[in-house]
Amino acid sequence: MRTFKVALLGGDGIGPEVMGAAMRVLRETGDRFGFALDVTAGLIGQAALDAAKNALPIETIQLCRASDAVMLGPVGGSRWVKPTAMNHPKQAVLALQGWVGVYSNLRPIRVYQPLLESSTLKPEAVSGVDIMVVRDVSSGLLYGRPRGIETVEGRRVATNTETYSDREIERVARMAFGVAMSRRRQLVLADWGKVLETGLLWEEVVAEVARDYPEVDYRRLDLDTCILLLTLEPTAFDVILADNTSGDLLSVQASALTGTFALHPSALLGGQSGGLFSPSHGSAPDLEGKGIANPTAAILAGAMMLKYAFNLVDAAHAMRDAVIQALESGARTCDICPAGVKSLPTEAFTDQVLAYLPKKLEVPPLPAEAPKVQG
């Protein structure tokens, strides 16, 4: 039986609850598909600050670098408002990305048929939406220097800097084209090249990479046009590629098509790391400890880990399909439950997902003695 080392960072708020649900499904999937997970827990974010006075302890970094993959819960909370504050929980996630060497973020957005009523758009407008947003997470505004707020001649001046190299763009572009090759072979680059030099470089480099993937239908759109079309024609998109901040905006816009942020997983990939896998939603501190959080995104993040870190595609699809079947059966947590329908707590919803996993694979025993070959 293959065994994989997994670092489990529960995070803050509802993080430990939804990540615990995901681990239940992952362990059961491993039992049925013949693999095991060697899981070690670590701290990050506010939980780490409270315990170790550091949002990203060195022990957590060492754990993640020594693991085959990382399951990462939502980090941060309502009391954190300054993004550059020392020891800010969100900064801990950005730092961890650097320590494990990831550079691309994959965010799948899918509108599930049983949840069409959750969208604020007409069902016929969002039925069939299946989008993958791929964005860089190694450079851009979040990492650029100089940055900060200073007083100049009696006035406060804020500065942020965006810088990209051709190498940084090329590697995430190749990741996006590779993803497109495994899907419907359509890719859109959304950039701000009409006003920014960084956007122009994105256009030039991605066009060069596109020549190596003639099977992919490639086109580019201005960022504002792409945002508009995501609402008007969301089913027209397959894979969307963008820089760090633009990709974050696009993934949030695409997530809104479903009417909830609780359904969407996220994978951070690149380099020699197996990756970081997490739900895209926040820590929802107002729901902490109530046992009613929706674990769907965390469970699907586990499925992404099986697929992208361990190449266990069949097991990953089984987890995803179990979630869909549970939703089709009527299983709902309170955030996606229509009026008049009884919602399920986190644990009971997870039980429903487990009920739809394929049964354990049975391997027939070898015969006590090999049969003789007839001449």
# chains A, B, ... in the order shown; residues from 1 in each chain; ligands from 1
>>> residues_around(residues="stretch 143-156 of chain A", least_positions_apart="6", cutoff="10 Å", atoms="only C-alpha atoms", output="ChimeraX atom specification")
/A:84,94,137,162-164,244
>>> residues_around(residues="A:Thr198", least_positions_apart="4", cutoff="12 Å", atoms="only C-alpha atoms", output="VMD selection string")
chain A and resid 139 to 141 161 to 166 168 to 169 191 to 194 202 to 205 242 to 244 246
>>> closest_residue(among="A:Thr296, A:Ser118, A:Ser127, A:Ser283", to="A:Ile14", atoms="only C-alpha atoms")
A:Ser283
>>> select_by_dssp(residues="stretch 119-188 of chain A", states="helix (DSSP H, G or I)", output="JSON, numbers by chain")
{"A": [123, 124, 125, 126, 166, 167, 168, 169, 170, 171, 172, 173, 174, 175, 176, 177, 178, 179, 180, 181]}
>>> write_last_selection(atoms="all heavy atoms", output="compact mmCIF listing (two decimals), in the first residue's frame")
# COMPACT_ATOMS: atom_id res chain seq x y z
N PRO A 123 -31.25 30.07 -13.92
CA PRO A 123 -30.67 28.73 -14.05
C PRO A 123 -30.11 28.44 -15.43
O PRO A 123 -29.05 27.83 -15.57
CB PRO A 123 -31.85 27.81 -13.72
CG PRO A 123 -32.72 28.63 -12.83
CD PRO A 123 -32.60 30.04 -13.34
N GLU A 124 -30.83 28.88 -16.49
CA GLU A 124 -30.35 28.61 -17.85
C GLU A 124 -29.06 29.36 -18.16
O GLU A 124 -28.31 28.97 -19.08
CB GLU A 124 -31.42 28.97 -18.88
CG GLU A 124 -31.89 30.42 -18.85
CD GLU A 124 -33.10 30.65 -17.96
OE1 GLU A 124 -33.28 29.86 -17.00
OE2 GLU A 124 -33.87 31.59 -18.23
N ALA A 125 -28.75 30.41 -17.41
CA ALA A 125 -27.52 31.18 -17.65
C ALA A 125 -26.29 30.52 -17.04
O ALA A 125 -25.18 30.66 -17.55
CB ALA A 125 -27.66 32.60 -17.09
N VAL A 126 -26.49 29.77 -15.94
CA VAL A 126 -25.34 29.19 -15.24
C VAL A 126 -25.27 27.67 -15.35
O VAL A 126 -24.27 27.06 -14.95
CB VAL A 126 -25.34 29.59 -13.75
CG1 VAL A 126 -25.14 31.09 -13.61
CG2 VAL A 126 -26.62 29.15 -13.07
N ASP A 166 9.67 37.51 -17.68
CA ASP A 166 9.14 36.58 -18.67
C ASP A 166 9.12 35.15 -18.16
O ASP A 166 8.21 34.37 -18.46
CB ASP A 166 9.91 36.68 -19.99
CG ASP A 166 11.42 36.52 -19.81
OD1 ASP A 166 11.88 36.29 -18.67
OD2 ASP A 166 12.14 36.62 -20.82
N ARG A 167 10.11 34.79 -17.33
CA ARG A 167 10.16 33.43 -16.79
C ARG A 167 8.97 33.16 -15.87
O ARG A 167 8.37 32.09 -15.90
CB ARG A 167 11.46 33.20 -16.03
CG ARG A 167 11.58 31.80 -15.43
CD ARG A 167 12.89 31.62 -14.69
NE ARG A 167 12.94 30.31 -14.05
CZ ARG A 167 12.45 30.04 -12.84
NH1 ARG A 167 11.84 31.01 -12.15
NH2 ARG A 167 12.54 28.83 -12.32
N GLU A 168 8.64 34.13 -15.01
CA GLU A 168 7.51 33.96 -14.09
C GLU A 168 6.20 33.78 -14.86
O GLU A 168 5.35 32.98 -14.47
CB GLU A 168 7.41 35.17 -13.16
CG GLU A 168 8.54 35.26 -12.15
CD GLU A 168 8.61 36.59 -11.44
OE1 GLU A 168 8.15 37.60 -12.02
OE2 GLU A 168 9.13 36.63 -10.31
N ILE A 169 6.05 34.51 -15.95
CA ILE A 169 4.83 34.39 -16.76
C ILE A 169 4.80 33.07 -17.50
O ILE A 169 3.77 32.39 -17.55
CB ILE A 169 4.74 35.58 -17.75
CG1 ILE A 169 4.64 36.90 -16.98
CG2 ILE A 169 3.53 35.40 -18.67
CD1 ILE A 169 4.79 38.13 -17.85
N GLU A 170 5.94 32.69 -18.07
CA GLU A 170 5.98 31.47 -18.89
C GLU A 170 5.61 30.23 -18.10
O GLU A 170 4.86 29.38 -18.56
CB GLU A 170 7.37 31.30 -19.51
CG GLU A 170 7.48 30.03 -20.36
CD GLU A 170 8.87 29.79 -20.89
OE1 GLU A 170 9.75 30.65 -20.70
OE2 GLU A 170 9.09 28.73 -21.51
N ARG A 171 6.13 30.11 -16.87
CA ARG A 171 5.89 28.86 -16.14
C ARG A 171 4.43 28.70 -15.74
O ARG A 171 3.89 27.59 -15.79
CB ARG A 171 6.81 28.78 -14.93
CG ARG A 171 6.61 29.85 -13.88
CD ARG A 171 7.66 29.75 -12.78
NE ARG A 171 7.44 30.74 -11.73
CZ ARG A 171 8.22 30.87 -10.67
NH1 ARG A 171 9.28 30.08 -10.53
NH2 ARG A 171 7.96 31.77 -9.75
N VAL A 172 3.76 29.80 -15.35
CA VAL A 172 2.35 29.66 -15.01
C VAL A 172 1.51 29.50 -16.28
O VAL A 172 0.48 28.80 -16.28
CB VAL A 172 1.86 30.84 -14.15
CG1 VAL A 172 1.78 32.13 -14.95
CG2 VAL A 172 0.51 30.54 -13.53
N ALA A 173 1.96 30.08 -17.40
CA ALA A 173 1.25 29.89 -18.67
C ALA A 173 1.30 28.43 -19.10
O ALA A 173 0.30 27.87 -19.55
CB ALA A 173 1.85 30.78 -19.74
N ARG A 174 2.45 27.80 -18.94
CA ARG A 174 2.56 26.38 -19.31
C ARG A 174 1.69 25.52 -18.41
O ARG A 174 1.12 24.52 -18.85
CB ARG A 174 4.02 25.93 -19.28
CG ARG A 174 4.86 26.58 -20.37
CD ARG A 174 6.20 25.89 -20.59
NE ARG A 174 6.93 26.56 -21.66
CZ ARG A 174 6.73 26.34 -22.95
NH1 ARG A 174 5.83 25.44 -23.34
NH2 ARG A 174 7.43 26.98 -23.86
N MET A 175 1.59 25.89 -17.14
CA MET A 175 0.68 25.18 -16.25
C MET A 175 -0.75 25.30 -16.76
O MET A 175 -1.50 24.32 -16.81
CB MET A 175 0.78 25.76 -14.83
CG MET A 175 -0.17 25.16 -13.82
SD MET A 175 0.30 23.49 -13.30
CE MET A 175 1.72 23.89 -12.24
N ALA A 176 -1.15 26.50 -17.17
CA ALA A 176 -2.52 26.74 -17.62
C ALA A 176 -2.81 25.98 -18.92
O ALA A 176 -3.89 25.39 -19.08
CB ALA A 176 -2.76 28.23 -17.82
N PHE A 177 -1.87 25.99 -19.86
CA PHE A 177 -2.09 25.26 -21.10
C PHE A 177 -2.15 23.76 -20.85
O PHE A 177 -2.92 23.04 -21.50
CB PHE A 177 -0.99 25.60 -22.12
CG PHE A 177 -1.26 26.85 -22.90
CD1 PHE A 177 -0.68 28.05 -22.53
CD2 PHE A 177 -2.08 26.83 -24.01
CE1 PHE A 177 -0.93 29.22 -23.23
CE2 PHE A 177 -2.34 27.99 -24.74
CZ PHE A 177 -1.76 29.20 -24.34
N GLY A 178 -1.34 23.28 -19.92
CA GLY A 178 -1.42 21.85 -19.56
C GLY A 178 -2.77 21.48 -19.00
O GLY A 178 -3.33 20.43 -19.31
N VAL A 179 -3.32 22.35 -18.15
CA VAL A 179 -4.65 22.12 -17.61
C VAL A 179 -5.69 22.13 -18.72
O VAL A 179 -6.60 21.29 -18.77
CB VAL A 179 -4.99 23.19 -16.54
CG1 VAL A 179 -6.46 23.11 -16.14
CG2 VAL A 179 -4.11 23.02 -15.31
N ALA A 180 -5.57 23.09 -19.65
CA ALA A 180 -6.52 23.18 -20.77
C ALA A 180 -6.49 21.91 -21.63
O ALA A 180 -7.53 21.47 -22.12
CB ALA A 180 -6.21 24.40 -21.62
N MET A 181 -5.30 21.34 -21.79
CA MET A 181 -5.18 20.11 -22.59
C MET A 181 -5.97 18.96 -21.97
O MET A 181 -6.41 18.05 -22.68
CB MET A 181 -3.71 19.72 -22.73
CG MET A 181 -2.92 20.61 -23.67
SD MET A 181 -3.40 20.38 -25.40
CE MET A 181 -2.80 18.72 -25.70
>>> closest_residue(among="A:Arg183, A:Arg32, A:Lys5, A:His317", to="A:Lys360", atoms="only C-alpha atoms")
A:Arg32
>>> closest_residue(among="A:Ile131, A:Ala318, A:Leu72, A:Leu306", to="A:Ala236", atoms="only C-alpha atoms")
A:Ile131
>>> closest_residue(among="A:Thr3, A:Asn311, A:Ser266, A:Thr40", to="A:Met23", atoms="only C-alpha atoms")
A:Thr40
>>> atom_distance(atom1="atom CA of A:Lys307", atom2="atom CA of A:Asp321")
13.6 Å
>>> atom_distance(atom1="atom CA of A:Ala301", atom2="atom CA of A:Gln272")
19.4 Å
>>> select_by_dssp(residues="stretch 56-264 of chain A", states="strand (DSSP E)", output="ChimeraX atom specification")
/A:69-72,104-110,130-136,148-152,155-159,186-191,217-222,239-242
>>> closest_residue(among="A:Pro57, A:Pro234, A:Gly302, A:Gly330", to="A:Pro265", atoms="only C-alpha atoms")
A:Gly302
>>> residues_around(residues="A:Gly77", least_positions_apart="5", cutoff="9 Å", atoms="only C-alpha atoms", output="list in words")
Asp12, Gly13, Gln46, Pro89, Gly282, Ser283, Ala284 and Pro285 of chain A
>>> decode(residues="stretch 81-136 of chain A", atoms="C-alpha atoms", output="compact mmCIF listing (two decimals), in the first residue's frame")
# COMPACT_ATOMS: atom_id res chain seq x y z
CA VAL A 81 -7.46 44.48 8.91
CA LYS A 82 -3.93 45.66 8.05
CA PRO A 83 -2.50 43.42 5.28
CA THR A 84 1.11 44.44 5.99
CA ALA A 85 0.95 44.12 9.77
CA MET A 86 3.81 42.15 11.29
CA ASN A 87 2.78 38.55 11.92
CA HIS A 88 -0.49 39.00 10.03
CA PRO A 89 -2.10 35.55 9.49
CA LYS A 90 -2.65 36.20 5.77
CA GLN A 91 1.02 37.12 5.36
CA ALA A 92 1.83 33.71 6.85
CA VAL A 93 0.11 32.02 3.90
CA LEU A 94 2.04 34.12 1.39
CA ALA A 95 5.29 33.30 3.18
CA LEU A 96 4.46 29.59 3.24
CA GLN A 97 3.90 29.67 -0.52
CA GLY A 98 7.45 30.93 -0.93
CA TRP A 99 8.92 28.33 1.42
CA VAL A 100 7.36 25.41 -0.47
CA GLY A 101 8.02 26.93 -3.91
CA VAL A 102 4.53 27.07 -5.43
CA TYR A 103 3.84 29.58 -8.19
CA SER A 104 0.43 28.82 -9.70
CA ASN A 105 -3.08 28.72 -8.25
CA LEU A 106 -5.81 26.52 -9.73
CA ARG A 107 -9.38 27.37 -8.74
CA PRO A 108 -12.13 25.26 -10.30
CA ILE A 109 -15.58 26.84 -10.39
CA ARG A 110 -18.43 24.48 -11.14
CA VAL A 111 -22.18 25.04 -10.92
CA TYR A 112 -23.74 21.76 -9.77
CA GLN A 113 -27.16 20.94 -11.18
CA PRO A 114 -28.71 20.26 -7.74
CA LEU A 115 -27.70 23.76 -6.63
CA LEU A 116 -28.86 25.83 -9.58
CA GLU A 117 -31.35 27.55 -7.31
CA SER A 118 -28.48 28.89 -5.16
CA SER A 119 -27.26 31.17 -7.94
CA THR A 120 -28.62 34.69 -8.17
CA LEU A 121 -28.59 34.35 -11.97
CA LYS A 122 -31.17 32.52 -14.08
CA PRO A 123 -30.67 28.73 -14.05
CA GLU A 124 -30.35 28.61 -17.85
CA ALA A 125 -27.52 31.18 -17.65
CA VAL A 126 -25.34 29.19 -15.24
CA SER A 127 -26.29 25.59 -16.03
CA GLY A 128 -23.17 23.80 -17.21
CA VAL A 129 -20.65 26.34 -15.89
CA ASP A 130 -17.29 24.58 -15.45
CA ILE A 131 -14.36 27.01 -15.28
CA MET A 132 -10.76 26.71 -14.13
CA VAL A 133 -9.06 29.97 -13.16
CA VAL A 134 -5.25 29.70 -13.23
CA ARG A 135 -3.27 32.58 -11.76
CA ASP A 136 0.28 33.38 -10.79
